[in-house]
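Notes to accompany the following structure.
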Amino acid sequence: MADDAGNRPRAVIADDNLDLAENIAVLSDRALYRDGIVEILRQHGFRRVDGFATFARLLKAARGAVLDLTLVDLAHEQDDPEAILTGLRIVHPNATVVAIGTTSQLAARASVVDGCVELPGDGASRLTAIAGAVARQRQGPVKFPVSPEVARQTRTWASVTPRQRQVLGLLGCGMENLKIAASLGISERAVKVHVSGLLEKFGVGNRSELAIISCRAGVAAV
């Protein structure tokens, strides 16, 4: 992520002719999608943009370098997106982490990212605006506002406890209460309590609707 002389690379943003430095990583195991994001950013003057198919490859390439911005595709399947977001905070605490995904995917993780690119809706202009703002600041993470709908759903997700999130992930796999209890090492009665709490928080009437919410948000099963 740095040139042969060990200096951080520089790029010119054609829109405002500012000389800005940035190292940008795009993580997605969808090759065409990943390459498309990389190409969009390069066309707008960001020359130090690299795409990675796995989190391990990203970490290896970025070892010893400074990441300014990491774009994480929440439809990424080879690694758990939640583990990726947590890992990035540890390895590159000063980098801005932006998630790309649907409203449901983003709301479930908005508390651990600095910004969102919402699909469908946001496009190249949102990506380049975020990259430009990160390049301008150059000191620590940059925070970006989310859409009103992401903000609304985020408030609901923020009330979900870690145990309820585990139950929700297993509901998304179609598990019944007894199997969920065995998987988590808790009683079936405790599972019923968690399911009831989730029904109330999400304002739905049955576990099938909870399973749909889980799948749409991409909640990982334990």
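Letters for chains follow the order of the structure tokens (A, B, ...), residue numbers begin at 1 for each chain, and ligand numbers begin at 1 in the order shown.
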
(request) Name the residues of stretch 35-206 of chain A that fall into strand (DSSP E) according to DSSP on the backbone, using the chain letters and numbers of this document, as a PyMOL selection string. (result) chain A and resi 49-52+69-73+96-101+115-118

Since we have the selection now, will you write its residues out, keeping C-alpha atoms, as a PDB file, in the first residue's frame?
ATOM      1  CA  VAL A  49      -7.213   1.576  -4.671  1.00  0.00           C
ATOM      2  CA  ASP A  50      -6.832  -2.183  -4.252  1.00  0.00           C
ATOM      3  CA  GLY A  51      -9.457  -4.924  -4.267  1.00  0.00           C
ATOM      4  CA  PHE A  52      -9.347  -8.039  -2.095  1.00  0.00           C
ATOM      5  CA  LEU A  69     -10.404   3.901   3.912  1.00  0.00           C
ATOM      6  CA  THR A  70     -11.780   0.368   3.745  1.00  0.00           C
ATOM      7  CA  LEU A  71     -14.987  -0.378   1.847  1.00  0.00           C
ATOM      8  CA  VAL A  72     -16.631  -3.622   2.978  1.00  0.00           C
ATOM      9  CA  ASP A  73     -19.264  -5.401   0.889  1.00  0.00           C
ATOM     10  CA  THR A  96     -12.395   4.963   8.065  1.00  0.00           C
ATOM     11  CA  VAL A  97     -14.566   1.860   7.640  1.00  0.00           C
ATOM     12  CA  VAL A  98     -17.549   2.132   5.302  1.00  0.00           C
ATOM     13  CA  ALA A  99     -20.036  -0.670   4.678  1.00  0.00           C
ATOM     14  CA  ILE A 100     -21.805  -1.224   1.363  1.00  0.00           C
ATOM     15  CA  GLY A 101     -25.130  -3.031   1.448  1.00  0.00           C
ATOM     16  CA  GLY A 115     -20.422   5.376   7.108  1.00  0.00           C
ATOM     17  CA  CYS A 116     -22.648   3.535   4.670  1.00  0.00           C
ATOM     18  CA  VAL A 117     -23.221   3.239   0.948  1.00  0.00           C
ATOM     19  CA  GLU A 118     -26.850   2.174   0.689  1.00  0.00           C
TER      20      GLU A 118
END

(request) List the neighbours of A:Pro141 out to 12 Å using only C-alpha atoms; skip same-chain residues closer than 4 positions along the sequence, and give me the result as a ChimeraX atom specification. (result) /A:67-70,88-89,92-98,112-115,130-131,133-137

(request) State, in Å with one decimal place, the distance from atom CA of A:Leu210 to atom CA of A:Lys192. (result)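 Interatomic distance, atom CA of A:Leu210 to atom CA of A:Lys192: 13.0 Å.
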
(request) Enter the distance from atom CA of A:Val142 to atom CA of A:Ile84, in Å, rounded to one decimal. (result)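 So the answer is 18.5 Å.
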
(request) Could you tell me how far atom CA of A:Ile212 lies from atom CA of A:Ile37, in Å and to one decimal? (result) 28.5 Å

(request) Find, counting only C-alpha atoms, the residue in A:His44, A:Arg165, A:Arg189, A:Lys179 that gets nearest to A:Ser214. (result) A:Arg165

(request) Just the residues within 9 Å of A:Ala151, please, counting only C-alpha atoms, with nothing from its chain fewer than 5 positions along; format it as number ranges by chain. (result) A: 107, 110, 145-146
